[in-house]
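What follows is one structure encoded as structure tokens, with my remarks underneath.
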Amino acid sequence: MTGAPQGRPQGGPVPLPMPKFAAAARPALADTGARRNLRGATAVLRERAAAASGEPADWAELREAGRAIGEAALRDLDVHLEELERAVTEAGGTVHWAVDAAEARRVVTGLVRAAGATEVVRAASLAVREAGVDAALARMGVAVRETALADLAVRLGEDEPSHLLSAAAHRDRAQIRELFRRGMPAAGAGLPDDPQALAAAARAHLREPFLRAGVAITGANFLVAESGTAVVVESEGNARMCVTLPETLICVAGIDKVVPTWDDMEVFLQLLPRSSTGDRMTPYVSSWTGVTPGDGPRAFHLVLLDNGRTRALADEVGRAALRCIRCSACLNVCPVYERTGGRPYGPVYPGPIGAILTPQLRGVEGAAAASLPYASTLCGACADVCPVKIDIPDVLVHLRGKVVESRRRRPVPTPEMVLMRGLAWTMGDPRRHEAAVRRGTRWARLLSRGGRIRRLPGLLGAWTEARDLPAPPAETFRSWWNGRRP
Amino acid sequence: MRVALSVACFDDALFPDAGRAVTVLLERLGHEVVFPPGQTCCGQIHWSAGYHREAADLARAYTAAFAGGDVVVATSASCAAAVRDAYPRIARAARDPGLARAAEGLAVYELTEFLVDVLGVTDVGAYFPHRVTYHPSCRSLRALRAGDRPLRLLRAVGGIDLVELPNAEECCGFGGAFAMKNADVSVAMVADKVRHIRGTGADVVCAVDDSCLAHIGGALSRLRAGVRTLHLAEILASAGPS
């Protein structure tokens, strides 16, 4: 990942390379069109979610219930997973355990090969993306048909998703029309750019692949342990086609998607639609359990992905991130995400949730994953809207602590480490502190012109790239106070 | 009432007027102000940057410096939030229940909470004939839940032309180390904050956190925008023409 040179994936547990957040943010900030589109998309979703979550009188209790159910499910995750496996097996399905991305790829490619398929239809799935399944299938010559409209647009544009919910949030309608016109010759040159026409074009384009595909690959929003059911929540109906039409259904999901009982779904199916799209109920909620003769897929495979989740689970602060139900509310209120979009956060999980999830799944040893906990001002807007009450700023600060601890083990300290430890040593004693402040302010006044400092040296220079600093006054508060009280 | 003044480390060096204004204001309201000399920094800088061992040392020193039993009033909402919101977490990370107990024993308030909730005043007898807009800092808004207390105090100021700041609740982009580590995003954020401030036509933007004001003011100054930043206490301390 991070130590490796940028380029094509090398295989192994980490599918895609990524640069540090600050470096990746620079081109994102310069993409003015994408910023305008994202600003618009997040504002609409933000307002819709605010309105929808304001409706139920018991919203605070629902959030608390979501937190409690998620926390309890994770506490006994091993028990629930075994129950899930039993229930899936009893219903005629097969459970596959994938300890990492490479194993998930092996399992999925093996199943596709065994089914003799040269083409699969796929519904949007973060776990599939995390495991790098698409690239693995492409390498063995299998065509992967993206069936969600936004993902189709991203695929046709050969770019990366920018949003958890709506992968093409950085595109406008005119751009999507262009992509569809080029990628779907049957849509015709006169394809208009209104959403209905674009959806109709995608529907026509996908109809044949849906009808002929022998294998579908989907994710799951929830896995109900007591019945062995995969629950998929979506707006377009493409995932429902995927779970019902093909002969073989492969569902790839993280082990953190388990909820113990159907009673728990009552809470999540209120929290998720209202927090994500701002709907009272999502248009399509599909639940699929095992195999039923004469109805739907003949084979149902559930691939359970760990890929760092067990490690995250062992961290009593960090594990809160595993409660996430992927609603994207935190993205839509995040002032950082709104300006950078999803790509600087790495290839899978964007926004504040990505900033706490990715470093835990990948570890903080690499520079890129270690930069993610710092990609936040800790403003707290995300924690206020999270439907399962993940205290994202708390986890961010906790992970920053892990980053610093891992850096402490290095033989040569970083300049930042030297600065921060020196500062703490100075502040550890009031006399030392006062003398340092006196020296520091005198030195800073030498750098100033007309009451302002326009260029600071070293690590602090990043501040004065675009911001002044006022020249420190000759008298500190402490010296004023001491002069005032004899 | 005797009040122990907690002056943020950057206020001490860069914005001493904030501490002076709090002192003048509280004395004008008839209270005694003391400045515990053992204080340096609350440790928030180190905590939020990930230097948790150092933060625990500084937090222990802070609680010792303010252990006298007086009510503590902080010049910066983020320092008050550090003690109330972060110290239990710092204690958790350091596995130091003594620190958690010491933090719990401190009654730390940000200035507007102290004025409105403890003293029960909103009209402090200030006079400030300028067009002013108020930026609610993230810590005052979402850690302390200061609500409309600052605005109630400002509305009672004589001569003031208080104008609402659009998108007020969006972060200015400071975020401590964020302003340096992610300078480009930070500047993109403050650019929008500055745009909203200038749109109000205010000549003064105030807040209860000089760290945010250093950021906003730094951008305004670089642009020669003709808007100055003031700690809210400086406005409240401005005496009227008697």
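Each chain in the structure tokens gets a letter, A, B, ..., in the order shown, and its residues are numbered from 1; ligands are numbered from 1 in order too.
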
Note to self: I need the contact residues of chain B against chain A, so if you could list those with any atom within 8 Å, counting only C-alpha atoms, and return them as a PyMOL selection string, that would help.
What the structure shows: chain B and resi 11-17+19-20+35+37-41+46-52+54-55+57-58+61+138-139+142-143+170-171+173-185+187-189+214-215+217-222

Margin query: Give me the residues near Tyr127 of chain B as a VMD selection string, where near means some atom within 6 Å (using only C-alpha atoms) and where sequence neighbours in that chain fewer than 6 positions away do not count.
Written below: chain B and resid 157 to 159 238 to 240

Convert the current residue selection to file output with N, CA and C atoms, as a CSV table (one decimal), in the first residue's frame.
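part.csv, written as the output of this step:
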chain,number,residue,atom,x,y,z
B,157,VAL,N,-25.8,44.4,24.1
B,157,VAL,CA,-24.7,45.4,24.1
B,157,VAL,C,-25.3,46.7,23.5
B,158,GLY,N,-25.0,47.8,24.1
B,158,GLY,CA,-25.5,49.1,23.7
B,158,GLY,C,-24.8,49.5,22.4
B,159,GLY,N,-25.6,50.1,21.4
B,159,GLY,CA,-25.0,50.6,20.2
B,159,GLY,C,-24.6,49.6,19.2
B,238,SER,N,-16.1,46.5,26.7
B,238,SER,CA,-16.1,47.9,26.2
B,238,SER,C,-17.1,48.7,27.0
B,239,ALA,N,-16.7,49.7,27.7
B,239,ALA,CA,-17.6,50.4,28.6
B,239,ALA,C,-18.4,51.5,27.8
B,240,GLY,N,-19.6,51.7,28.2
B,240,GLY,CA,-20.4,52.7,27.5
B,240,GLY,C,-20.0,54.1,27.9

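Here the residues within segment 185-225 of chain B that DSSP labels strand (DSSP E) on the basis of the backbone are Val204, Val205, Cys206 and Ala207 of chain B.
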
Residues as selected, N, CA and C atoms, written as an mmCIF file, in the first residue's frame, can you do that?
data_model
loop_
_atom_site.group_PDB
_atom_site.id
_atom_site.type_symbol
_atom_site.label_atom_id
_atom_site.label_comp_id
_atom_site.auth_asym_id
_atom_site.auth_seq_id
_atom_site.Cartn_x
_atom_site.Cartn_y
_atom_site.Cartn_z
ATOM 1 N N VAL B 204 -16.378 43.892 12.373
ATOM 2 C CA VAL B 204 -15.799 43.090 13.450
ATOM 3 C C VAL B 204 -16.419 41.697 13.420
ATOM 4 N N VAL B 205 -15.566 40.655 13.489
ATOM 5 C CA VAL B 205 -16.080 39.299 13.702
ATOM 6 C C VAL B 205 -15.551 38.850 15.058
ATOM 7 N N CYS B 206 -16.462 38.317 15.880
ATOM 8 C CA CYS B 206 -16.038 37.909 17.216
ATOM 9 C C CYS B 206 -16.360 36.442 17.442
ATOM 10 N N ALA B 207 -15.706 35.877 18.476
ATOM 11 C CA ALA B 207 -15.891 34.474 18.831
ATOM 12 C C ALA B 207 -15.443 34.308 20.276
#

If you run DSSP over the backbone, which residues in segment 133-201 of chain B end up alpha helix (DSSP H)? Put them as a compact mmCIF listing (two decimals) with C-alpha atoms, in the first residue's frame.
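Once written, selection03.txt looks like this:
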# COMPACT_ATOMS: atom_id res chain seq x y z
CA CYS B 138 -16.98 24.24 16.97
CA ARG B 149 -25.73 32.45 25.14
CA PRO B 150 -23.09 34.44 23.24
CA LEU B 151 -25.76 36.00 21.02
CA ARG B 152 -27.95 36.90 23.99
CA LEU B 153 -25.00 38.71 25.56
CA LEU B 154 -24.21 40.48 22.30
CA ARG B 155 -27.80 41.56 21.70
CA PHE B 178 -5.03 20.39 10.65
CA ALA B 179 -4.24 23.97 9.62
CA MET B 180 -0.64 22.90 9.02
CA LYS B 181 -0.93 19.25 7.98
CA ALA B 183 -3.12 23.53 4.84
CA ASP B 184 -4.79 23.43 1.42
CA VAL B 185 -8.13 22.11 2.70
CA SER B 186 -7.89 24.38 5.73
CA VAL B 187 -7.47 27.43 3.47
CA ALA B 188 -10.34 26.28 1.24
CA MET B 189 -12.53 26.22 4.34
CA VAL B 190 -11.46 29.59 5.72
CA ALA B 191 -11.95 31.12 2.27
CA ASP B 192 -15.65 30.31 2.50
CA LYS B 193 -15.83 31.51 6.10
CA VAL B 194 -14.22 34.81 5.04
CA ARG B 195 -16.65 35.11 2.12
CA HIS B 196 -19.61 34.77 4.49
CA ILE B 197 -18.13 37.24 6.97
CA ARG B 198 -17.48 39.84 4.28
CA GLY B 199 -20.99 39.33 2.95

Next item on the list: With a distance cut-off of 8 Å and only C-alpha atoms, select the neighbouring residues of Ala81 of chain B, excluding the residue or stretch itself and same-chain residues fewer than 3 positions from it, and output the selection as a ChimeraX atom specification.
Entry: /B:77-78,84-86,139-140,143-144

Restricting the output to N, CA and C atoms, write the selected residues as a short mmCIF file (atom, residue, chain, number, x, y, z; two decimals), in the first residue's frame.
data_model
loop_
_atom_site.label_atom_id
_atom_site.label_comp_id
_atom_site.auth_asym_id
_atom_site.auth_seq_id
_atom_site.Cartn_x
_atom_site.Cartn_y
_atom_site.Cartn_z
N ALA B 77 -13.11 28.71 24.70
CA ALA B 77 -14.07 27.61 24.82
C ALA B 77 -13.37 26.27 24.67
N SER B 78 -12.33 26.22 23.85
CA SER B 78 -11.70 24.92 23.61
C SER B 78 -10.92 24.45 24.84
N ARG B 84 -13.52 19.59 30.41
CA ARG B 84 -14.79 18.89 30.63
C ARG B 84 -14.97 17.69 29.73
N ASP B 85 -14.54 17.80 28.48
CA ASP B 85 -14.82 16.77 27.48
C ASP B 85 -13.61 15.86 27.25
N ALA B 86 -12.41 16.44 27.20
CA ALA B 86 -11.24 15.64 26.83
C ALA B 86 -10.54 15.01 28.04
N ARG B 139 -15.99 24.09 19.20
CA ARG B 139 -15.95 23.60 20.58
C ARG B 139 -17.05 24.24 21.42
N SER B 140 -17.32 25.53 21.20
CA SER B 140 -18.38 26.16 21.99
C SER B 140 -19.73 25.59 21.55
N ALA B 143 -19.08 20.97 21.64
CA ALA B 143 -18.55 20.31 22.83
C ALA B 143 -19.20 20.90 24.09
N LEU B 144 -19.30 22.24 24.14
CA LEU B 144 -19.89 22.87 25.33
C LEU B 144 -21.38 23.11 25.18
#

Margin query: Can you pull out the residues contacting Ala104 of chain A? Cut-off 12 Å, using only C-alpha atoms, and skip same-chain residues under 3 positions away; I want them as a ChimeraX atom specification.
Written below: /A:12-15,95-101,107-111,127-134,136-137,250-254,301-307

Next item on the list: Find the residue from B:Arg228, B:Arg60, B:His31, B:Arg2 that sits nearest to Thr133 of chain B; use only C-alpha atoms when measuring.
Entry: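 Between B:Arg228, B:Arg60, B:His31, B:Arg2, the residue approaching Thr133 of chain B most closely is B:Arg228.
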
For Ala197 of chain A: contacts at 12 Å, only C-alpha atoms, fewer than 2 positions along chain excluded, given as an mmCIF file with N, CA and C atoms, in the first residue's frame:
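Final output, saved to part38.cif:
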data_model
loop_
_atom_site.group_PDB
_atom_site.id
_atom_site.type_symbol
_atom_site.label_atom_id
_atom_site.label_comp_id
_atom_site.auth_asym_id
_atom_site.auth_seq_id
_atom_site.Cartn_x
_atom_site.Cartn_y
_atom_site.Cartn_z
ATOM 1 N N LEU A 149 -26.844 2.784 -11.190
ATOM 2 C CA LEU A 149 -26.658 3.847 -12.169
ATOM 3 C C LEU A 149 -25.377 4.654 -11.923
ATOM 4 N N ARG A 173 -25.297 16.120 -14.543
ATOM 5 C CA ARG A 173 -26.129 15.374 -15.488
ATOM 6 C C ARG A 173 -25.556 15.393 -16.901
ATOM 7 N N ILE A 176 -22.812 12.889 -17.152
ATOM 8 C CA ILE A 176 -23.313 11.513 -17.156
ATOM 9 C C ILE A 176 -23.946 11.192 -18.511
ATOM 10 N N ARG A 177 -24.645 12.182 -19.082
ATOM 11 C CA ARG A 177 -25.206 11.944 -20.419
ATOM 12 C C ARG A 177 -24.089 11.632 -21.423
ATOM 13 N N PHE A 180 -22.856 8.138 -20.907
ATOM 14 C CA PHE A 180 -23.846 7.157 -21.369
ATOM 15 C C PHE A 180 -23.887 7.120 -22.896
ATOM 16 N N ARG A 181 -23.796 8.305 -23.501
ATOM 17 C CA ARG A 181 -23.852 8.330 -24.973
ATOM 18 C C ARG A 181 -22.687 7.561 -25.582
ATOM 19 N N ALA A 187 -28.344 4.025 -26.831
ATOM 20 C CA ALA A 187 -29.108 5.127 -26.240
ATOM 21 C C ALA A 187 -29.327 6.257 -27.238
ATOM 22 N N GLY A 188 -28.481 6.301 -28.265
ATOM 23 C CA GLY A 188 -28.668 7.307 -29.310
ATOM 24 C C GLY A 188 -27.990 8.620 -28.981
ATOM 25 N N GLY A 190 -29.133 11.546 -29.367
ATOM 26 C CA GLY A 190 -30.033 12.580 -28.861
ATOM 27 C C GLY A 190 -30.468 12.375 -27.418
ATOM 28 N N LEU A 191 -29.758 11.499 -26.679
ATOM 29 C CA LEU A 191 -30.142 11.222 -25.290
ATOM 30 C C LEU A 191 -30.198 12.517 -24.480
ATOM 31 N N PRO A 192 -31.344 12.847 -23.895
ATOM 32 C CA PRO A 192 -31.410 14.063 -23.076
ATOM 33 C C PRO A 192 -30.751 13.844 -21.717
ATOM 34 N N ASP A 193 -30.548 14.925 -20.969
ATOM 35 C CA ASP A 193 -29.824 14.769 -19.703
ATOM 36 C C ASP A 193 -30.748 14.794 -18.486
ATOM 37 N N ASP A 194 -32.066 14.549 -18.717
ATOM 38 C CA ASP A 194 -32.907 14.512 -17.515
ATOM 39 C C ASP A 194 -32.818 13.122 -16.873
ATOM 40 N N PRO A 195 -32.928 13.091 -15.545
ATOM 41 C CA PRO A 195 -32.670 11.850 -14.805
ATOM 42 C C PRO A 195 -33.507 10.670 -15.295
ATOM 43 N N ALA A 199 -31.957 7.195 -16.562
ATOM 44 C CA ALA A 199 -32.285 5.925 -15.902
ATOM 45 C C ALA A 199 -32.849 4.928 -16.911
ATOM 46 N N ALA A 200 -33.675 5.426 -17.838
ATOM 47 C CA ALA A 200 -34.255 4.540 -18.848
ATOM 48 C C ALA A 200 -33.163 3.973 -19.758
ATOM 49 N N ALA A 201 -32.191 4.800 -20.110
ATOM 50 C CA ALA A 201 -31.091 4.333 -20.956
ATOM 51 C C ALA A 201 -30.300 3.240 -20.242
ATOM 52 N N ALA A 202 -30.031 3.470 -18.940
ATOM 53 C CA ALA A 202 -29.280 2.476 -18.171
ATOM 54 C C ALA A 202 -30.078 1.177 -18.067
ATOM 55 N N ARG A 203 -31.389 1.333 -17.869
ATOM 56 C CA ARG A 203 -32.244 0.156 -17.727
ATOM 57 C C ARG A 203 -32.208 -0.680 -19.013
ATOM 58 N N ALA A 204 -32.329 -0.011 -20.156
ATOM 59 C CA ALA A 204 -32.303 -0.721 -21.433
ATOM 60 C C ALA A 204 -30.948 -1.397 -21.655
#

Hey, what's within 8 Å of Val388 of chain A if we count only C-alpha atoms and toss same-chain stuff fewer than 4 positions away? As a short mmCIF file (atom, residue, chain, number, x, y, z; two decimals) with N, CA and C atoms, in the first residue's frame, please?
data_model
loop_
_atom_site.label_atom_id
_atom_site.label_comp_id
_atom_site.auth_asym_id
_atom_site.auth_seq_id
_atom_site.Cartn_x
_atom_site.Cartn_y
_atom_site.Cartn_z
N ARG A 63 -31.75 6.43 17.84
CA ARG A 63 -30.29 6.48 17.72
C ARG A 63 -29.64 5.72 18.87
N GLU A 64 -30.16 5.92 20.06
CA GLU A 64 -29.60 5.23 21.22
C GLU A 64 -29.78 3.71 21.06
N ALA A 65 -30.94 3.31 20.55
CA ALA A 65 -31.17 1.88 20.33
C ALA A 65 -30.21 1.34 19.27
N GLY A 66 -29.99 2.12 18.21
CA GLY A 66 -29.05 1.72 17.16
C GLY A 66 -27.65 1.52 17.72
N ARG A 67 -27.25 2.47 18.58
CA ARG A 67 -25.93 2.35 19.22
C ARG A 67 -25.86 1.09 20.07
N GLY A 70 -25.91 -2.19 18.02
CA GLY A 70 -24.64 -2.37 17.33
C GLY A 70 -23.54 -2.79 18.30
N ARG A 323 -19.71 -0.31 14.01
CA ARG A 323 -21.17 -0.17 14.10
C ARG A 323 -21.78 0.50 12.87
N CYS A 324 -20.92 1.12 12.06
CA CYS A 324 -21.38 1.95 10.94
C CYS A 324 -22.36 1.19 10.05
N ILE A 325 -23.47 1.86 9.69
CA ILE A 325 -24.43 1.25 8.77
C ILE A 325 -24.35 1.87 7.38
#

Next item on the list: Excluding Phe268 of chain A and any residue of its chain fewer than 3 positions from it, enumerate the residues within 12 Å of it, using only C-alpha atoms, and give them as number ranges by chain.
Entry: A: 59, 62-70, 221-224, 231, 233, 257-259, 261-265, 271-276, 280-282, 285, 323-327, 387-388

Notebook entry, point to check: Between B:Leu111, B:Ala4, B:Ala156, B:Cys172, which is the closest to Ser76 of chain B once you count only C-alpha atoms?
Noted result: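 Of the candidates, the smallest distance to Ser76 of chain B is held by B:Leu111.
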
Next item on the list: Using atom CA of Pro161 of chain A and atom CA of Arg319 of chain A as the two end points, give the distance in Å to one decimal.
Entry: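 Between atom CA of Pro161 of chain A and atom CA of Arg319 of chain A the gap works out to 25.3 Å.
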
Check: Using only C-alpha atoms, which of the listed residues (A:Arg145, A:His80, A:Arg105, A:Arg240) sits closest to Ser227 of chain A?
Finding: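 Among the listed residues, A:His80 lies closest to Ser227 of chain A.
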
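When only C-alpha atoms are used to measure the gap to Thr292 of chain A, the shortest distance among A:Ala220, A:Ala367, A:Leu361, A:Ala91 belongs to A:Ala91.
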